[in-house]
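Visitor: File run_32.cif follows (mmCIF, C-alpha atoms):
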```
data_query
#
loop_
_atom_site.label_atom_id
_atom_site.label_comp_id
_atom_site.auth_asym_id
_atom_site.auth_seq_id
_atom_site.Cartn_x
_atom_site.Cartn_y
_atom_site.Cartn_z
CA MET C 6 65.80 176.12 -42.29
CA ARG C 7 68.54 176.22 -39.66
CA ILE C 8 71.91 177.23 -40.98
CA PHE C 9 75.28 175.69 -40.17
CA THR C 10 78.19 178.02 -40.80
CA ALA C 11 81.78 176.94 -41.42
CA ARG C 12 84.40 178.75 -39.35
CA ASP C 13 88.03 177.61 -39.21
CA ARG C 14 86.92 174.15 -40.35
CA GLY C 15 84.57 174.03 -37.38
CA VAL C 16 80.81 174.48 -37.31
CA ARG C 17 78.71 177.10 -35.60
CA TYR C 18 74.97 176.71 -35.22
CA HIS C 19 72.90 179.78 -36.04
CA ALA C 20 69.37 180.59 -34.96
CA PHE C 21 68.05 184.00 -35.96
CA LEU C 22 65.74 185.35 -33.28
CA PRO C 23 64.31 188.77 -34.15
CA HIS C 24 62.90 191.00 -31.42
CA TYR C 25 60.36 193.68 -32.23
CA PRO C 26 57.48 195.06 -30.17
CA MET C 27 54.30 193.02 -30.21
CA ASP C 28 51.06 193.91 -28.47
CA THR C 29 48.70 191.43 -26.77
CA PHE C 30 46.67 190.93 -29.96
CA VAL C 31 49.74 189.83 -31.91
CA ILE C 32 51.01 187.57 -29.12
CA ASN C 33 47.64 185.81 -28.84
CA ARG C 34 47.46 185.37 -32.61
CA LEU C 35 50.97 183.95 -32.61
CA LYS C 36 50.05 181.42 -29.90
CA ILE C 37 47.05 180.31 -31.95
CA LEU C 38 49.24 180.08 -35.05
CA LEU C 39 51.78 177.91 -33.24
CA LEU C 40 49.02 175.55 -32.11
CA LEU C 41 47.61 175.30 -35.63
CA MET C 42 51.03 174.51 -37.04
CA VAL C 43 51.56 171.74 -34.51
CA LEU C 44 48.19 170.19 -35.26
CA ALA C 45 48.30 170.63 -39.04
CA ALA C 46 48.90 167.51 -41.07
CA THR C 47 51.90 167.59 -43.38
CA ALA C 48 51.45 166.94 -47.08
CA PRO C 49 52.73 163.56 -48.29
CA VAL C 50 56.02 163.55 -50.17
CA GLN C 51 55.83 162.39 -53.76
CA SER C 52 58.23 159.47 -53.94
CA ALA C 53 60.73 158.95 -56.72
CA ALA C 54 61.04 155.23 -56.01
CA GLY C 55 60.96 153.19 -59.18
CA HIS C 56 61.81 156.20 -61.35
CA GLY C 57 65.50 155.76 -62.04
CA ASN C 58 68.35 156.69 -59.75
CA GLY C 59 67.14 160.08 -58.59
CA ILE C 60 69.16 163.19 -59.41
CA GLN C 61 71.94 162.38 -61.84
CA TRP C 62 74.77 164.33 -60.23
CA TYR C 63 77.61 165.36 -62.50
CA PRO C 64 80.52 162.97 -61.87
CA GLY C 65 83.32 165.53 -62.27
CA THR C 66 84.46 168.58 -60.34
CA VAL C 67 82.52 171.82 -59.99
CA ARG C 68 84.77 173.55 -62.53
CA GLN C 69 84.24 170.69 -64.96
CA ALA C 70 80.49 170.96 -64.41
CA PHE C 71 80.56 174.65 -65.34
CA ALA C 72 82.59 173.81 -68.44
CA GLU C 73 80.01 171.19 -69.38
CA ALA C 74 77.20 173.71 -68.82
CA LYS C 75 78.83 176.23 -71.12
CA LYS C 76 79.31 173.55 -73.76
CA SER C 77 75.79 172.13 -73.52
CA GLY C 78 73.95 175.41 -72.88
CA LYS C 79 72.35 174.02 -69.73
CA PRO C 80 72.21 176.02 -66.50
CA VAL C 81 73.95 174.70 -63.39
CA PHE C 82 72.24 173.46 -60.22
CA LEU C 83 74.85 173.52 -57.44
CA TYR C 84 74.17 171.80 -54.11
CA TRP C 85 76.57 172.57 -51.26
CA GLY C 86 76.10 170.12 -48.41
CA ALA C 87 77.74 167.76 -45.95
CA VAL C 88 77.17 164.17 -44.85
CA TRP C 89 76.80 165.09 -41.16
CA CYS C 90 74.42 168.04 -41.75
CA PRO C 91 70.84 167.30 -40.50
CA PRO C 92 69.12 169.84 -42.81
CA CYS C 93 71.07 168.35 -45.74
CA ASN C 94 69.83 164.89 -44.86
CA GLN C 95 66.30 166.28 -44.67
CA LEU C 96 66.71 167.61 -48.22
CA LYS C 97 67.87 164.19 -49.39
CA ALA C 98 64.85 162.53 -47.80
CA THR C 99 62.31 165.00 -49.22
CA LEU C 100 63.22 167.34 -52.07
CA PHE C 101 65.82 165.07 -53.67
CA LYS C 102 63.25 162.26 -53.78
CA ASN C 103 60.52 164.43 -55.27
CA LEU C 104 59.76 163.19 -58.79
CA ALA C 105 58.85 166.60 -60.25
CA PHE C 106 62.08 168.10 -58.95
CA ILE C 107 64.20 165.18 -60.16
CA GLN C 108 62.75 165.40 -63.66
CA LYS C 109 63.39 169.15 -63.78
CA THR C 110 67.05 168.69 -62.83
CA ARG C 111 67.51 166.68 -66.04
CA LEU C 112 67.51 170.04 -67.81
CA PHE C 113 70.43 171.26 -65.68
CA VAL C 114 73.97 170.21 -64.95
CA PRO C 115 73.45 169.22 -61.30
CA VAL C 116 76.63 169.10 -59.25
CA TYR C 117 77.19 168.27 -55.59
CA LEU C 118 79.90 170.06 -53.61
CA ASP C 119 80.90 168.42 -50.33
CA GLY C 120 81.59 171.30 -47.97
CA ASP C 121 84.07 169.26 -45.94
CA THR C 122 86.57 168.91 -48.79
CA GLU C 123 89.56 171.22 -49.01
CA ALA C 124 88.64 172.43 -52.48
CA ALA C 125 85.16 173.31 -51.28
CA GLN C 126 86.49 175.88 -48.81
CA LYS C 127 88.00 177.92 -51.65
CA LEU C 128 84.91 177.55 -53.82
CA GLY C 129 82.74 178.47 -50.85
CA GLU C 130 84.56 181.78 -50.57
CA GLN C 131 84.26 182.32 -54.31
CA PHE C 132 80.50 181.71 -54.30
CA GLY C 133 79.90 183.42 -50.96
CA VAL C 134 78.48 180.30 -49.32
CA LEU C 135 77.71 180.83 -45.63
CA GLY C 136 76.19 177.57 -44.46
CA TYR C 137 74.77 174.15 -45.14
CA PRO C 138 72.75 173.40 -47.17
CA THR C 139 72.95 175.94 -49.98
CA LEU C 140 71.18 175.49 -53.33
CA MET C 141 72.30 177.75 -56.17
CA LEU C 142 71.33 178.17 -59.82
CA PHE C 143 73.72 179.56 -62.45
CA THR C 144 73.46 180.47 -66.11
CA PRO C 145 75.41 178.29 -68.58
CA GLU C 146 78.00 181.10 -68.59
CA GLY C 147 78.46 180.82 -64.82
CA GLU C 148 76.51 183.87 -63.61
CA GLU C 149 74.56 183.24 -60.43
CA ILE C 150 70.79 183.49 -60.98
CA THR C 151 69.34 182.78 -57.56
CA ARG C 152 69.67 180.84 -54.30
CA LEU C 153 66.86 178.61 -53.13
CA PRO C 154 65.81 178.85 -49.49
CA GLY C 155 64.94 175.88 -47.31
CA GLY C 156 61.56 175.24 -45.79
CA MET C 157 59.49 175.95 -48.90
CA SER C 158 56.64 173.77 -50.06
CA LEU C 159 58.06 171.05 -52.33
CA ASP C 160 55.98 172.18 -55.30
CA LEU C 161 57.75 175.56 -55.31
CA TYR C 162 61.21 174.18 -56.05
CA PRO C 163 60.48 172.97 -59.61
CA GLN C 164 58.93 176.38 -60.27
CA MET C 165 62.18 178.07 -59.29
CA LEU C 166 64.08 175.81 -61.67
CA ASP C 167 61.63 176.83 -64.40
CA LEU C 168 62.55 180.49 -63.82
CA ALA C 169 66.21 179.68 -64.38
CA LEU C 170 65.35 177.76 -67.55
CA ALA C 171 63.32 180.75 -68.77
CA LYS C 172 66.48 182.86 -68.53
CA THR C 173 65.01 185.13 -65.88
CA ARG C 174 67.37 187.96 -64.94
CA PRO C 175 69.62 187.17 -61.96
CA VAL C 176 68.54 188.49 -58.56
CA ALA C 177 71.53 190.82 -58.30
CA THR C 178 70.58 192.36 -61.66
CA LEU C 179 66.95 192.71 -60.60
CA VAL C 180 67.94 194.55 -57.41
CA ARG C 181 70.04 197.03 -59.38
CA ASP C 182 67.35 197.51 -62.02
CA ILE C 183 64.67 198.20 -59.40
CA LEU C 184 66.63 200.43 -57.04
CA ASP C 185 68.98 202.22 -59.44
CA ASN C 186 67.08 202.28 -62.73
CA GLY C 187 63.46 202.26 -61.59
CA ARG C 188 62.58 199.26 -63.75
CA ASN C 189 59.61 197.08 -62.84
CA PRO C 190 60.18 193.31 -62.75
CA SER C 191 57.81 190.83 -64.37
CA ASN C 192 55.51 188.74 -62.18
CA GLU C 193 57.90 185.81 -62.53
CA GLU C 194 60.82 187.97 -61.42
CA TRP C 195 58.88 189.23 -58.39
CA HIS C 196 58.30 185.58 -57.51
CA MET C 197 62.02 184.86 -57.69
CA LEU C 198 62.82 187.87 -55.51
CA ALA C 199 60.28 186.77 -52.92
CA TYR C 200 61.66 183.24 -52.77
CA TYR C 201 65.33 184.17 -52.75
CA SER C 202 67.54 183.03 -49.86
CA TRP C 203 68.57 186.54 -48.79
CA GLU C 204 70.23 185.48 -45.55
CA GLN C 205 72.52 182.96 -47.24
CA ASP C 206 74.21 184.98 -49.96
CA GLY C 207 76.59 187.10 -47.89
CA GLY C 208 75.23 190.26 -49.47
CA LYS C 209 76.16 189.27 -53.03
CA ALA C 210 72.85 190.50 -54.42
CA LEU C 211 72.86 193.66 -52.28
CA GLY C 212 76.35 195.04 -52.59
CA GLU C 213 76.69 197.70 -49.89
CA ARG C 214 72.93 198.05 -49.41
CA ASP C 215 71.17 197.30 -46.14
CA LEU C 216 69.14 194.07 -46.30
CA ALA C 217 66.20 195.36 -44.26
CA GLY C 218 66.03 198.55 -46.31
CA VAL C 219 66.04 196.67 -49.61
CA LEU C 220 63.38 194.20 -48.46
CA LYS C 221 61.14 197.04 -47.29
CA ILE C 222 61.38 198.74 -50.68
CA LEU C 223 60.70 195.49 -52.51
CA SER C 224 57.74 194.56 -50.30
CA ASP C 225 56.22 198.01 -50.79
CA ARG C 226 56.61 197.86 -54.58
CA VAL C 227 55.18 194.40 -55.21
CA PRO C 228 51.99 194.73 -57.29
CA ALA C 229 48.70 194.12 -55.48
CA ASN C 230 47.96 191.16 -57.76
CA LEU C 231 50.87 189.24 -56.16
CA PRO C 232 49.74 188.98 -52.51
CA LYS C 233 51.82 185.89 -51.68
CA GLU C 234 55.01 187.51 -52.91
CA LYS C 235 54.18 190.73 -51.07
CA ALA C 236 53.53 188.85 -47.83
CA ARG C 237 56.76 186.87 -48.06
CA LEU C 238 58.93 189.92 -48.76
CA SER C 239 57.22 191.75 -45.91
CA ALA C 240 57.87 188.82 -43.55
CA GLN C 241 61.53 188.72 -44.60
CA TYR C 242 61.76 192.46 -44.02
CA LEU C 243 60.49 192.00 -40.45
CA SER C 244 63.06 189.27 -39.86
CA ALA C 245 65.91 191.40 -41.23
CA LEU C 246 64.74 194.46 -39.29
CA ALA C 247 64.71 192.52 -36.03
CA ALA C 248 68.16 191.05 -36.71
CA ARG C 249 69.70 194.48 -37.27
CA GLU C 250 72.03 195.67 -34.51
CA GLU C 251 70.45 199.08 -34.07
CA PRO C 252 66.87 199.03 -32.68
CA PRO C 253 64.11 200.27 -34.96
CA GLY C 254 62.83 203.79 -34.51
CA LYS C 255 59.32 204.52 -33.29
CA ARG C 256 57.90 204.79 -36.80
CA GLU C 257 59.69 201.64 -37.96
CA ALA C 258 58.48 199.73 -34.90
CA GLY C 259 54.89 200.81 -35.49
CA ASP C 260 55.09 199.80 -39.13
CA ALA C 261 56.60 196.45 -38.12
CA VAL C 262 53.73 195.68 -35.74
CA LYS C 263 51.20 196.61 -38.41
CA ARG C 264 52.87 194.31 -40.95
CA LEU C 265 53.02 191.46 -38.45
CA GLN C 266 49.33 191.87 -37.62
CA GLN C 267 48.49 191.72 -41.32
CA LEU C 268 50.48 188.51 -41.73
CA LEU C 269 48.90 186.87 -38.69
CA ALA C 270 45.42 187.88 -39.84
CA SER C 271 45.80 185.50 -42.78
CA ARG C 272 46.15 181.81 -42.00
CA GLU C 273 47.65 181.18 -45.44
CA PHE C 274 50.28 183.91 -45.19
CA SER C 275 51.08 183.01 -41.57
CA ARG C 276 51.62 179.38 -42.55
CA ASP C 277 53.68 180.19 -45.64
CA ASN C 278 55.95 182.56 -43.70
CA PHE C 279 56.00 180.71 -40.41
CA SER C 280 59.81 180.48 -40.23
CA PHE C 281 60.14 184.28 -40.47
CA VAL C 282 57.25 185.07 -38.11
CA ILE C 283 58.55 182.99 -35.19
CA GLN C 284 62.18 184.09 -35.45
#
```
Write the structure described by the file as structure tokens, please.
Guide:
Amino acid sequence: MRIFTARDRGVRYHAFLPHYPMDTFVINRLKILLLLMVLAATAPVQSAAGHGNGIQWYPGTVRQAFAEAKKSGKPVFLYWGAVWCPPCNQLKATLFKNLAFIQKTRLFVPVYLDGDTEAAQKLGEQFGVLGYPTLMLFTPEGEEITRLPGGMSLDLYPQMLDLALAKTRPVATLVRDILDNGRNPSNEEWHMLAYYSWEQDGGKALGERDLAGVLKILSDRVPANLPKEKARLSAQYLSALAAREEPPGKREAGDAVKRLQQLLASREFSRDNFSFVIQ
């Protein structure tokens, strides 16, 4: 999903366009993939019409919503958006009208934060929000669990809410446990890592670590019985590697081409990671 970034109350449009070496085989596969994506029929959106008033957004402030979450024991679903934002309006027309997602939000304290308000600018700095839209999940105590990326299949979003309800360890904790303590995540935790919005958290989950380096380690450590998660982390690694200021070395470039060829060899993995492949 395209990201709008606030800067001095203005808006800057970002498009991430990685550049890494691709041979003729990869280029031809990519052309075929682009054609298939154009011709592919999109899945119908499950409508929420006739099922109440949609998501029941908390009527108070964000701070009041967190207080209510702590009192009720429910996790928080925070949506940062703006009225003028095209991707935000796309979310409203699709995900926020999806019945399964709406029903799942009943188990949260869902709160909407208008990014154009003065209070939102301070909260945006506190949460490390970089652009519109941003979807975040927090524990009832206010600890960030994960950030949901755009562009996923609609059926994946309720699954991510389930992980928060299951009290899955936060992404930042998982990264530390894997890299510093050598602990192996559960299958559900690998899924959350694979479908985390790495480019929208301002490095909160990484600390001082390099994004491309972390994603490479994660993609290499994913168990073989989780091919979708492995493919997605690998695709995100390629995107982060290409966005890095310094060019990849010869070995890194060769590995990148090999990973890209593996992704493009699978129609399913190419489709699922299309946004990373074409960047």
Visitor: Identify which of the residues C:Leu104, C:Leu246, C:Ala210, C:Leu231 lies closest to Gly133 of chain C, counting all atoms listed in the file when measuring atom-to-atom distances.
Guide: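 Closest to Gly133 of chain C of all the choices is C:Ala210.
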Visitor: I want to know what sits within 9 Å of Leu112 of chain C, based on only C-alpha atoms, with residues of the same chain fewer than 5 positions away left out; could you give that as a compact mmCIF listing (two decimals) with C-alpha atoms, in the coordinates of the input?
Guide:
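Now in part-v1.txt:
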```
# COMPACT_ATOMS: atom_id res chain seq x y z
CA LYS C 79 72.35 174.02 -69.73
CA PRO C 80 72.21 176.02 -66.50
CA LEU C 170 65.35 177.76 -67.55
```
Visitor: Compute the distance from (62.4, 196.2, -45.0) to each atom, counting all atoms listed in the file, keep the residues with any atom at most 7 Å away, and return them as a compact mmCIF listing (two decimals) with C-alpha atoms, in the frame of the given file; use the coordinates of the file.
Guide:
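Saved result, out.txt, follows:
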```txt
# COMPACT_ATOMS: atom_id res chain seq x y z
CA ALA C 217 66.20 195.36 -44.26
CA GLY C 218 66.03 198.55 -46.31
CA VAL C 219 66.04 196.67 -49.61
CA LEU C 220 63.38 194.20 -48.46
CA LYS C 221 61.14 197.04 -47.29
CA ILE C 222 61.38 198.74 -50.68
CA SER C 239 57.22 191.75 -45.91
CA TYR C 242 61.76 192.46 -44.02
CA LEU C 243 60.49 192.00 -40.45
CA LEU C 246 64.74 194.46 -39.29
```
Visitor: Check which residues satisfy the PyMOL selection byres ((chain C and resi 61) around 12) in the file shown, then give them as a list in words.
Guide: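 So the PyMOL selection byres ((chain C and resi 61) around 12) ends up selecting His56, Gly57, Asn58, Gly59, Ile60, Trp62, Tyr63, Pro64, Gly65, Phe82, Phe101, Lys102, Phe106, Ile107, Gln108, Lys109, Thr110, Arg111, Leu112, Phe113, Val114, Pro115, Val116 and Tyr117 of chain C.
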Visitor: Please compute the atom CA of Val88 of chain C-atom CA of Ala199 of chain C distance, one decimal, in Å.
Guide: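 Taking atom CA of Val88 of chain C and atom CA of Ala199 of chain C, their separation equals 29.3 Å.
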Visitor: Interatomic distance between atom CA of Leu216 of chain C and atom CA of Arg276 of chain C?
Guide: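 So the answer is 23.2 Å.
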Visitor: So, with all atoms listed in the file as the atoms that count, which of C:Gln131, C:Ala236, C:Asp215, C:Leu96 lies closest to Arg249 of chain C?
Guide: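 Under the stated criterion, the closest residue is C:Asp215.
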Visitor: Mind checking which residues fall within 8 Å of segment 200-207 of chain C, counting all atoms listed in the file, ignoring those fewer than 3 positions away in the same chain, and posting them as number ranges by chain?
Guide: C: 133-136, 139, 151-154, 176, 196-197, 210, 216, 234, 237
Visitor: Please write as a CSV table (one decimal) with C-alpha atoms, in the frame of the given file the list of polymer residues whose atoms come within 12 Å of (71.4, 192.5, -59.0), counting all atoms listed in the file and keeping to the coordinates of the file.
Guide:
```csv
chain,number,residue,atom,x,y,z
C,148,GLU,CA,76.5,183.9,-63.6
C,149,GLU,CA,74.6,183.2,-60.4
C,150,ILE,CA,70.8,183.5,-61.0
C,151,THR,CA,69.3,182.8,-57.6
C,173,THR,CA,65.0,185.1,-65.9
C,174,ARG,CA,67.4,188.0,-64.9
C,175,PRO,CA,69.6,187.2,-62.0
C,176,VAL,CA,68.5,188.5,-58.6
C,177,ALA,CA,71.5,190.8,-58.3
C,178,THR,CA,70.6,192.4,-61.7
C,179,LEU,CA,67.0,192.7,-60.6
C,180,VAL,CA,67.9,194.6,-57.4
C,181,ARG,CA,70.0,197.0,-59.4
C,182,ASP,CA,67.4,197.5,-62.0
C,183,ILE,CA,64.7,198.2,-59.4
C,184,LEU,CA,66.6,200.4,-57.0
C,185,ASP,CA,69.0,202.2,-59.4
C,186,ASN,CA,67.1,202.3,-62.7
C,190,PRO,CA,60.2,193.3,-62.8
C,194,GLU,CA,60.8,188.0,-61.4
C,198,LEU,CA,62.8,187.9,-55.5
C,208,GLY,CA,75.2,190.3,-49.5
C,209,LYS,CA,76.2,189.3,-53.0
C,210,ALA,CA,72.8,190.5,-54.4
C,211,LEU,CA,72.9,193.7,-52.3
C,212,GLY,CA,76.4,195.0,-52.6
C,213,GLU,CA,76.7,197.7,-49.9
C,214,ARG,CA,72.9,198.0,-49.4
C,219,VAL,CA,66.0,196.7,-49.6
```
